[in-house]
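Below is one structure, written out as structure tokens, with a few remarks after it.
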Protein chains: 2
Amino acid sequence: MQHHPQGARKSHSRRLLLTEIRRTGPVARIDLASRTGISRASVTTITADLLHEGLIEEVARKDPTPEQTRGRPRVDLKLRGAAHLVAGLKIANRAVSVALVDFEGALLGQREAPLPRPVNDARNLAEQLGQILDQALDGIGRTRGDLSAIGIGISGIVDAHRGFVYWSPSLVSRNLPFGQILTETLGKPVYLDNDTNLVALAEQSFGLGRGIDDFIVVTIESGVGMGIVLNGHLYRGTRGCGAEFGHTKVHLDGALCRCGQRGCLEAYVADYALLREAAISEPDQHPRPDEQRIEALLRAARNGQPTASSIVARAGRMFSMGLANLVNIFDPQLIILSGERMQLDHLYASEVIAAMRSSIVQIDKPPPEVMIHKWGDLMWAKGAAAFALGGVIETAIANGKPT
Amino acid sequence: MQHHPQGARKSHSRRLLLTEIRRTGPVARIDLASRTGISRASVTTITADLLHEGLIEEVARKDPTPEQTRGRPRVDLKLRGAAHLVAGLKIANRAVSVALVDFEGALLGQREAPLPRPVNDARNLAEQLGQILDQALDGIGRTRGDLSAIGIGISGIVDAHRGFVYWSPSLVSRNLPFGQILTETLGKPVYLDNDTNLVALAEQSFGLGRGIDDFIVVTIESGVGMGIVLNGHLYRGTRGCGAEFGHTKVHLDGALCRCGQRGCLEAYVADYALLREAAISEPDQHPRPDEQRIEALLRAARNGQPTASSIVARAGRMFSMGLANLVNIFDPQLIILSGERMQLDHLYASEVIAAMRSSIVQIDKPPPEVMIHKWGDLMWAKGAAAFALGGVIETAIANGKPT
DNA sequence: AGAATTAATTTGTAAATCAAATTAAATATC
DNA sequence: GATATTTAATTTGATTTACAAATTAATTCT
């Protein structure tokens, strides 16, 4: 109820139809009418506009519905991929992933390139991103000029609305208008957000969250993150530091966390948390890389070695407790556990889910479903692309000008 | 995006204006236009309708704005109280409170009556409520026929959308369509919800949450409850058992809770939690009422008695931890601590708030404000009335028929 | 080939909304 | 005290938006 661009009401039906087409994939006009409540006449005229502007296109109906065998066949509509090209970038610790995605959400190209240094000056990082982006574009024979927008995910604390970064492990300085810097440097509109929020967007656009209005995505990497989708929209909090699942407290004056506080969930389930416990009983003195140590620990736990089992079991129980708290607070339809690291199976284990189920308020209705979605770094980048796509669609709705 | 009554779009501007008038109190047409983005012409025609239907009325401008000293003076509009009468009922353990509220939200009458038994059969309880309601109406010379709707708050687990009660301490049976039963018995549309949700609505409509889009209300009674307002709307979860703050876990395998599980926040801060710890060192054998025992405990703690201090201090620290978790998850603008029991000062103490502040993710922006709002049982009933009012406004927007 | 069926479009109409012009109600100025 | 000035609210006329009903299109069934 704040500022109102003149065309806000005008485009109401347009928005409804475009988002419905986006959500439902190929869909016939008559179904659009019944689902949105807009009359068939209006659906015809508005979709005609969208077709003319090149935002959508007609496709032959794939599934000739069993019941609908007679009469004029339906013609499906879907987003027209070629209408726009967007890029999604994920800034990781020592690498950057790029996903090039068309208006339909199809992956046209990708690239992963190393970041020489994990922490960078803002302007410098922006320029490196530009180079990697151009290489990715090169790979599919396109240029930066072809892009409609760029979405970027970065870890840390970000106010996505303003593109403001309070703090990020990837940047030397705090409190930067990094979104603005990126827009200037890259020459295209940049949508910047915290990376875990973008995973939630990716699940909503391309993944297990499609068509679900209230769900939570928990990401398990070296830390523990969360994205919250309520009423079909990503909830970001008011300052940009919500959804900090990893730093919710699960023990009063508990284990020391990287953030300096005590009792954070992360301080019980993250790699470093497991390793510092394991260190006590580790036989060998010569240092091994953390990856190997974690793997050895988990292997020992699976083999029933008591100390290792105890360490891993506690992590799992703390994690269940954290999940149960989310359910007790949000009562979502679905929880998606998302991570790319296969070795973290102990957190995805059925005992962990079962423990969560027994720690929530019990009612005579099934508890929220829990789904596990393992995917690679690329999907973070696709999430960033989904964010950019959202922005592009907004402007497409507002403008109503041909492409 | 589910079902679409034919008049959904028609009433778009109507809704916008009516809700803006409700939110802003007396407001001039020209301000309505600038705030909603609707043209002055349309504001005139739509408000003329609303005036004609008796939903709003003109009032002389109270504050002759310093700057606006020349020209035709503005005429303020506000909701017309007489347009509708609603009742709000709060079902407590051994009592029922009734608030009679007009369309503007003004309290016209109230009543509190004892409930002979705390747990009742649904139909029986509905009839008792009807009697108490009629007595309250009698007190202001009105009858049940004058009511437009009734809002009712009950503790337990409620799916407000369907008016379905999974479980309530006030009812003998589980899984009842209690809302339906009430509508039938009372002969007026009943809006039924969990009582803590209604406190949040009360804060939003009449209290500290006015004009705030994202806030959380934590209620401290014998248990600990929560209401969540996000994007200006009460968030209820998908099954009706969200916002169970009292049963979020703050300790793995911790203290035993009334709900049968372990480690619930409630099991550390509720009356019974304090008393069972105090019992160990209580000198006297002859049983005293719980109220007195709690008071004695808190007095002893204030006087520095070590055991009592330790008990009360731990409750406070656990509570801070729970609050910090809410902030880390929601990042709200405001947290309202709401309760009527003055003796619970230890939970409102500045050390508790400070401990919460130091347990949240730190960024270079001030943490959410914490406000303390002590109020009586009547405000629960007013919250129920606010819920009913919301329903009445919805139908008023949809119908567009004179009163 | 014609009837039946269902989807999509066209046509004419009702409504919602707006920009611009006009009127209303006050103060300021001479 | 009459007139100019200022600002709010309304009226007017036009435009846009959306719809119901009628029509056309593209099928299958008989």
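The way I read the labels, and the way they are meant: chains A, B, ... in the order of the structure tokens, residue 1 as the first residue of every chain, and ligand 1 as the first ligand shown, with later ones counted on from there.
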(message) Residues of chain A were defined as contacting chain B if any atom lay at most 6 Å from it, counting only C-alpha atoms; please report them as an MDAnalysis selection string.
(response) chainID A and resid 4 37 237:238 242:244 248 250:251 325 328:332
Dump as a PDB file, in the first residue's frame, selection limited to N, CA and C atoms:
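Final output, again.pdb:
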```
ATOM      1  N   HIS A   4       2.352   3.583  -5.950  1.00  0.00           N
ATOM      2  CA  HIS A   4       1.476   2.920  -6.909  1.00  0.00           C
ATOM      3  C   HIS A   4       1.741   3.402  -8.321  1.00  0.00           C
ATOM      4  N   GLY A  37     -10.521 -17.600 -12.953  1.00  0.00           N
ATOM      5  CA  GLY A  37     -11.801 -16.935 -12.777  1.00  0.00           C
ATOM      6  C   GLY A  37     -12.038 -15.830 -13.785  1.00  0.00           C
ATOM      7  N   GLY A 237      11.995 -11.437   5.771  1.00  0.00           N
ATOM      8  CA  GLY A 237      12.204 -10.660   6.986  1.00  0.00           C
ATOM      9  C   GLY A 237      12.314  -9.185   6.662  1.00  0.00           C
ATOM     10  N   THR A 238      12.431  -8.383   7.706  1.00  0.00           N
ATOM     11  CA  THR A 238      12.377  -6.937   7.468  1.00  0.00           C
ATOM     12  C   THR A 238      13.748  -6.306   7.316  1.00  0.00           C
ATOM     13  N   GLY A 242      16.633 -12.646   8.333  1.00  0.00           N
ATOM     14  CA  GLY A 242      15.736 -13.691   8.808  1.00  0.00           C
ATOM     15  C   GLY A 242      16.224 -15.032   8.311  1.00  0.00           C
ATOM     16  N   ALA A 243      15.479 -16.057   8.641  1.00  0.00           N
ATOM     17  CA  ALA A 243      15.756 -17.391   8.136  1.00  0.00           C
ATOM     18  C   ALA A 243      17.161 -17.872   8.472  1.00  0.00           C
ATOM     19  N   GLU A 244      17.670 -17.406   9.604  1.00  0.00           N
ATOM     20  CA  GLU A 244      19.016 -17.841  10.008  1.00  0.00           C
ATOM     21  C   GLU A 244      18.904 -19.116  10.838  1.00  0.00           C
ATOM     22  N   THR A 248      19.862 -20.503  15.059  1.00  0.00           N
ATOM     23  CA  THR A 248      18.889 -20.651  16.136  1.00  0.00           C
ATOM     24  C   THR A 248      19.561 -21.490  17.211  1.00  0.00           C
ATOM     25  N   VAL A 250      19.901 -24.175  20.095  1.00  0.00           N
ATOM     26  CA  VAL A 250      19.313 -25.445  20.507  1.00  0.00           C
ATOM     27  C   VAL A 250      19.840 -25.895  21.866  1.00  0.00           C
ATOM     28  N   HIS A 251      20.681 -25.074  22.470  1.00  0.00           N
ATOM     29  CA  HIS A 251      21.181 -25.425  23.799  1.00  0.00           C
ATOM     30  C   HIS A 251      21.639 -24.143  24.482  1.00  0.00           C
ATOM     31  N   ASN A 325      11.241 -27.626  15.585  1.00  0.00           N
ATOM     32  CA  ASN A 325      10.897 -26.248  15.928  1.00  0.00           C
ATOM     33  C   ASN A 325      10.324 -25.507  14.731  1.00  0.00           C
ATOM     34  N   ASN A 328       6.781 -26.651  14.329  1.00  0.00           N
ATOM     35  CA  ASN A 328       5.913 -26.100  15.365  1.00  0.00           C
ATOM     36  C   ASN A 328       5.624 -24.622  15.149  1.00  0.00           C
ATOM     37  N   ILE A 329       6.531 -23.950  14.483  1.00  0.00           N
ATOM     38  CA  ILE A 329       6.326 -22.519  14.248  1.00  0.00           C
ATOM     39  C   ILE A 329       5.556 -22.273  12.963  1.00  0.00           C
ATOM     40  N   PHE A 330       5.937 -22.947  11.886  1.00  0.00           N
ATOM     41  CA  PHE A 330       5.370 -22.626  10.578  1.00  0.00           C
ATOM     42  C   PHE A 330       4.231 -23.538  10.148  1.00  0.00           C
ATOM     43  N   ASP A 331       4.231 -24.753  10.627  1.00  0.00           N
ATOM     44  CA  ASP A 331       3.227 -25.703  10.166  1.00  0.00           C
ATOM     45  C   ASP A 331       3.132 -25.700   8.641  1.00  0.00           C
ATOM     46  N   PRO A 332       4.249 -25.968   7.969  1.00  0.00           N
ATOM     47  CA  PRO A 332       4.256 -25.884   6.499  1.00  0.00           C
ATOM     48  C   PRO A 332       3.665 -27.141   5.869  1.00  0.00           C
TER      49      PRO A 332
END
```
(message) Just want the 10 Å neighbourhood of DA8 of chain C, counted on only C-alpha atoms (C1' of nucleotides), with same-chain residues fewer than 3 positions away dropped. Output as a ChimeraX atom specification.
(response) /A:29-30,40-41,43-44,72-75 /D:24-26
(request) Write out as JSON, numbers by chain which residues come within 8 Å of segment 11-21 of chain C when counting only C-alpha atoms (C1' of nucleotides), dropping same-chain ones fewer than 3 positions away. (result) {"B": [10, 39, 41, 42], "D": [12, 15, 16, 17, 22]}
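Minimum atom-to-atom distance to DA8 of chain D, evaluated using only C-alpha atoms (C1' of nucleotides), belongs to B:Ala33 out of B:Leu147, B:Ala33, B:Ala300, B:Leu108.
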When you get a sec, could you note down which chain D residues fall within 7 Å of chain A, using only C-alpha atoms (C1' of nucleotides), as a short mmCIF file (atom, residue, chain, number, x, y, z; two decimals) with N, CA, C and O atoms (P, O5', C5', C4', C3', O3' and C1' of nucleotides), in the first residue's frame?
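Resulting contents of out_26.cif:
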```cif
data_model
loop_
_atom_site.label_atom_id
_atom_site.label_comp_id
_atom_site.auth_asym_id
_atom_site.auth_seq_id
_atom_site.Cartn_x
_atom_site.Cartn_y
_atom_site.Cartn_z
P DA D 18 -9.11 -6.56 -17.13
"O5'" DA D 18 -10.62 -7.01 -17.28
"C5'" DA D 18 -11.56 -6.58 -16.30
"C4'" DA D 18 -12.89 -7.18 -16.63
"C3'" DA D 18 -12.82 -8.64 -17.07
"O3'" DA D 18 -13.70 -9.41 -16.28
"C1'" DA D 18 -14.05 -7.36 -18.63
P DC D 19 -13.91 -10.95 -16.50
"O5'" DC D 19 -15.38 -10.95 -17.09
"C5'" DC D 19 -16.38 -10.14 -16.44
"C4'" DC D 19 -17.63 -10.14 -17.28
"C3'" DC D 19 -18.03 -11.53 -17.77
"O3'" DC D 19 -19.31 -11.86 -17.28
"C1'" DC D 19 -18.03 -9.95 -19.56
P DA D 26 -9.79 -23.63 -37.74
"O5'" DA D 26 -9.95 -25.04 -37.01
"C5'" DA D 26 -9.38 -25.22 -35.72
"C4'" DA D 26 -9.86 -26.52 -35.16
"C3'" DA D 26 -9.60 -27.75 -36.06
"O3'" DA D 26 -8.95 -28.74 -35.29
"C1'" DA D 26 -11.82 -27.72 -35.30
P DT D 27 -7.88 -29.68 -35.89
"O5'" DT D 27 -8.25 -31.08 -35.26
"C5'" DT D 27 -9.38 -31.81 -35.73
"C4'" DT D 27 -10.28 -32.20 -34.57
"C3'" DT D 27 -10.92 -33.55 -34.75
"O3'" DT D 27 -10.10 -34.56 -34.17
"C1'" DT D 27 -12.51 -31.91 -34.00
P DT D 28 -10.32 -36.07 -34.55
"O5'" DT D 28 -11.70 -36.44 -33.84
"C5'" DT D 28 -11.78 -36.54 -32.42
"C4'" DT D 28 -13.18 -36.97 -32.03
"C3'" DT D 28 -13.55 -38.40 -32.44
"O3'" DT D 28 -14.31 -39.00 -31.40
"C1'" DT D 28 -15.07 -36.87 -33.40
#
```
(message) Give me the residues near Leu337 of chain B as a PyMOL selection string, where near means some atom within 12 Å (using only C-alpha atoms (C1' of nucleotides)) and where sequence neighbours in that chain fewer than 4 positions away do not count.
(response) chain B and resi 196+199-200+203+207-209+215-221+224-227+319-320+323+341+344-345+347-349+352-353+369-375
Export, as a short mmCIF file (atom, residue, chain, number, x, y, z; two decimals), in the first residue's frame, the selected residues with N, CA, C and O atoms.
```cif
data_model
loop_
_atom_site.label_atom_id
_atom_site.label_comp_id
_atom_site.auth_asym_id
_atom_site.auth_seq_id
_atom_site.Cartn_x
_atom_site.Cartn_y
_atom_site.Cartn_z
N THR B 196 -4.58 -17.33 20.82
CA THR B 196 -3.37 -16.50 20.67
C THR B 196 -3.32 -15.81 19.31
O THR B 196 -2.80 -14.71 19.19
N VAL B 199 -5.15 -12.65 19.80
CA VAL B 199 -4.40 -11.59 20.46
C VAL B 199 -3.59 -10.82 19.41
O VAL B 199 -3.53 -9.59 19.43
N ALA B 200 -3.00 -11.56 18.48
CA ALA B 200 -2.25 -10.89 17.42
C ALA B 200 -3.16 -9.97 16.62
O ALA B 200 -2.81 -8.83 16.30
N GLU B 203 -3.85 -6.87 18.60
CA GLU B 203 -2.73 -5.93 18.55
C GLU B 203 -2.70 -5.20 17.21
O GLU B 203 -2.38 -4.02 17.14
N GLY B 207 -4.08 -2.35 18.96
CA GLY B 207 -2.97 -2.26 19.89
C GLY B 207 -1.69 -1.71 19.30
O GLY B 207 -1.69 -0.79 18.48
N LEU B 208 -0.57 -2.31 19.67
CA LEU B 208 0.75 -1.81 19.31
C LEU B 208 1.15 -2.20 17.90
O LEU B 208 2.15 -1.72 17.38
N GLY B 209 0.38 -3.09 17.28
CA GLY B 209 0.76 -3.56 15.94
C GLY B 209 0.13 -2.76 14.82
O GLY B 209 0.26 -3.11 13.66
N PHE B 215 5.10 -8.50 12.51
CA PHE B 215 5.38 -8.56 13.94
C PHE B 215 4.91 -9.87 14.54
O PHE B 215 4.15 -10.62 13.92
N ILE B 216 5.40 -10.11 15.74
CA ILE B 216 5.08 -11.35 16.44
C ILE B 216 4.56 -10.98 17.81
O ILE B 216 5.09 -10.09 18.47
N VAL B 217 3.52 -11.65 18.22
CA VAL B 217 2.99 -11.45 19.56
C VAL B 217 3.25 -12.72 20.35
O VAL B 217 2.89 -13.81 19.92
N VAL B 218 3.90 -12.58 21.49
CA VAL B 218 4.12 -13.72 22.37
C VAL B 218 3.24 -13.52 23.60
O VAL B 218 3.31 -12.48 24.25
N THR B 219 2.37 -14.48 23.84
CA THR B 219 1.47 -14.36 24.98
C THR B 219 1.99 -15.21 26.13
O THR B 219 2.39 -16.35 25.93
N ILE B 220 2.00 -14.63 27.29
CA ILE B 220 2.47 -15.35 28.46
C ILE B 220 1.33 -15.48 29.45
O ILE B 220 0.91 -14.51 30.07
N GLU B 221 0.79 -16.67 29.52
CA GLU B 221 -0.27 -16.95 30.50
C GLU B 221 0.23 -18.14 31.30
O GLU B 221 1.40 -18.18 31.64
N VAL B 224 2.72 -20.64 27.06
CA VAL B 224 3.33 -19.62 26.22
C VAL B 224 2.82 -19.81 24.79
O VAL B 224 2.92 -20.89 24.23
N GLY B 225 2.24 -18.76 24.23
CA GLY B 225 1.69 -18.86 22.88
C GLY B 225 2.27 -17.80 21.98
O GLY B 225 3.08 -16.98 22.39
N MET B 226 1.84 -17.82 20.72
CA MET B 226 2.39 -16.87 19.76
C MET B 226 1.39 -16.62 18.64
O MET B 226 0.61 -17.49 18.27
N GLY B 227 1.42 -15.41 18.13
CA GLY B 227 0.68 -15.08 16.92
C GLY B 227 1.64 -14.38 15.96
O GLY B 227 2.50 -13.62 16.39
N PHE B 319 13.69 -18.35 28.14
CA PHE B 319 12.75 -17.52 27.40
C PHE B 319 13.49 -16.62 26.42
O PHE B 319 13.09 -16.49 25.25
N SER B 320 14.60 -16.03 26.83
CA SER B 320 15.39 -15.20 25.91
C SER B 320 15.82 -16.01 24.70
O SER B 320 15.84 -15.53 23.56
N LEU B 323 12.99 -16.43 22.35
CA LEU B 323 12.73 -15.18 21.63
C LEU B 323 13.79 -14.95 20.56
O LEU B 323 13.47 -14.55 19.43
N ARG B 341 -0.72 -11.08 33.42
CA ARG B 341 -0.34 -11.40 34.79
C ARG B 341 0.85 -10.59 35.22
O ARG B 341 1.98 -10.80 34.80
N LEU B 344 4.42 -11.84 36.38
CA LEU B 344 5.40 -12.49 35.52
C LEU B 344 6.50 -11.53 35.08
O LEU B 344 7.11 -11.71 34.03
N ASP B 345 6.74 -10.54 35.88
CA ASP B 345 7.72 -9.52 35.54
C ASP B 345 9.08 -10.08 35.19
O ASP B 345 9.82 -9.50 34.41
N LEU B 347 9.87 -12.37 33.33
CA LEU B 347 10.03 -12.67 31.90
C LEU B 347 10.09 -11.39 31.06
O LEU B 347 10.56 -11.40 29.93
N TYR B 348 9.56 -10.30 31.61
CA TYR B 348 9.60 -9.03 30.88
C TYR B 348 10.85 -8.24 31.24
O TYR B 348 11.03 -7.13 30.76
N ALA B 349 11.68 -8.79 32.10
CA ALA B 349 12.79 -8.02 32.64
C ALA B 349 13.77 -7.60 31.55
O ALA B 349 13.91 -8.25 30.52
N VAL B 352 16.28 -10.07 30.34
CA VAL B 352 15.80 -11.07 29.40
C VAL B 352 15.86 -10.53 27.98
O VAL B 352 16.34 -11.19 27.06
N ILE B 353 15.40 -9.30 27.81
CA ILE B 353 15.44 -8.68 26.48
C ILE B 353 16.89 -8.53 26.02
O ILE B 353 17.23 -8.80 24.87
N GLU B 369 12.36 -4.05 17.76
CA GLU B 369 11.89 -3.48 19.01
C GLU B 369 11.13 -4.53 19.80
O GLU B 369 10.50 -5.41 19.22
N VAL B 370 11.19 -4.44 21.10
CA VAL B 370 10.39 -5.33 21.95
C VAL B 370 9.49 -4.45 22.80
O VAL B 370 9.96 -3.53 23.46
N MET B 371 8.20 -4.69 22.71
CA MET B 371 7.26 -3.90 23.51
C MET B 371 6.50 -4.82 24.43
O MET B 371 6.21 -5.96 24.08
N ILE B 372 6.19 -4.31 25.58
CA ILE B 372 5.48 -5.10 26.57
C ILE B 372 4.09 -4.54 26.73
O ILE B 372 3.91 -3.34 26.91
N HIS B 373 3.12 -5.40 26.58
CA HIS B 373 1.74 -4.95 26.61
C HIS B 373 0.97 -5.83 27.59
O HIS B 373 0.65 -6.96 27.29
N LYS B 374 0.70 -5.26 28.74
CA LYS B 374 -0.06 -6.02 29.72
C LYS B 374 -1.53 -5.64 29.62
O LYS B 374 -1.86 -4.46 29.69
N TRP B 375 -2.33 -6.62 29.46
CA TRP B 375 -3.74 -6.28 29.36
C TRP B 375 -4.58 -7.43 29.89
O TRP B 375 -4.10 -8.54 30.09
#
```
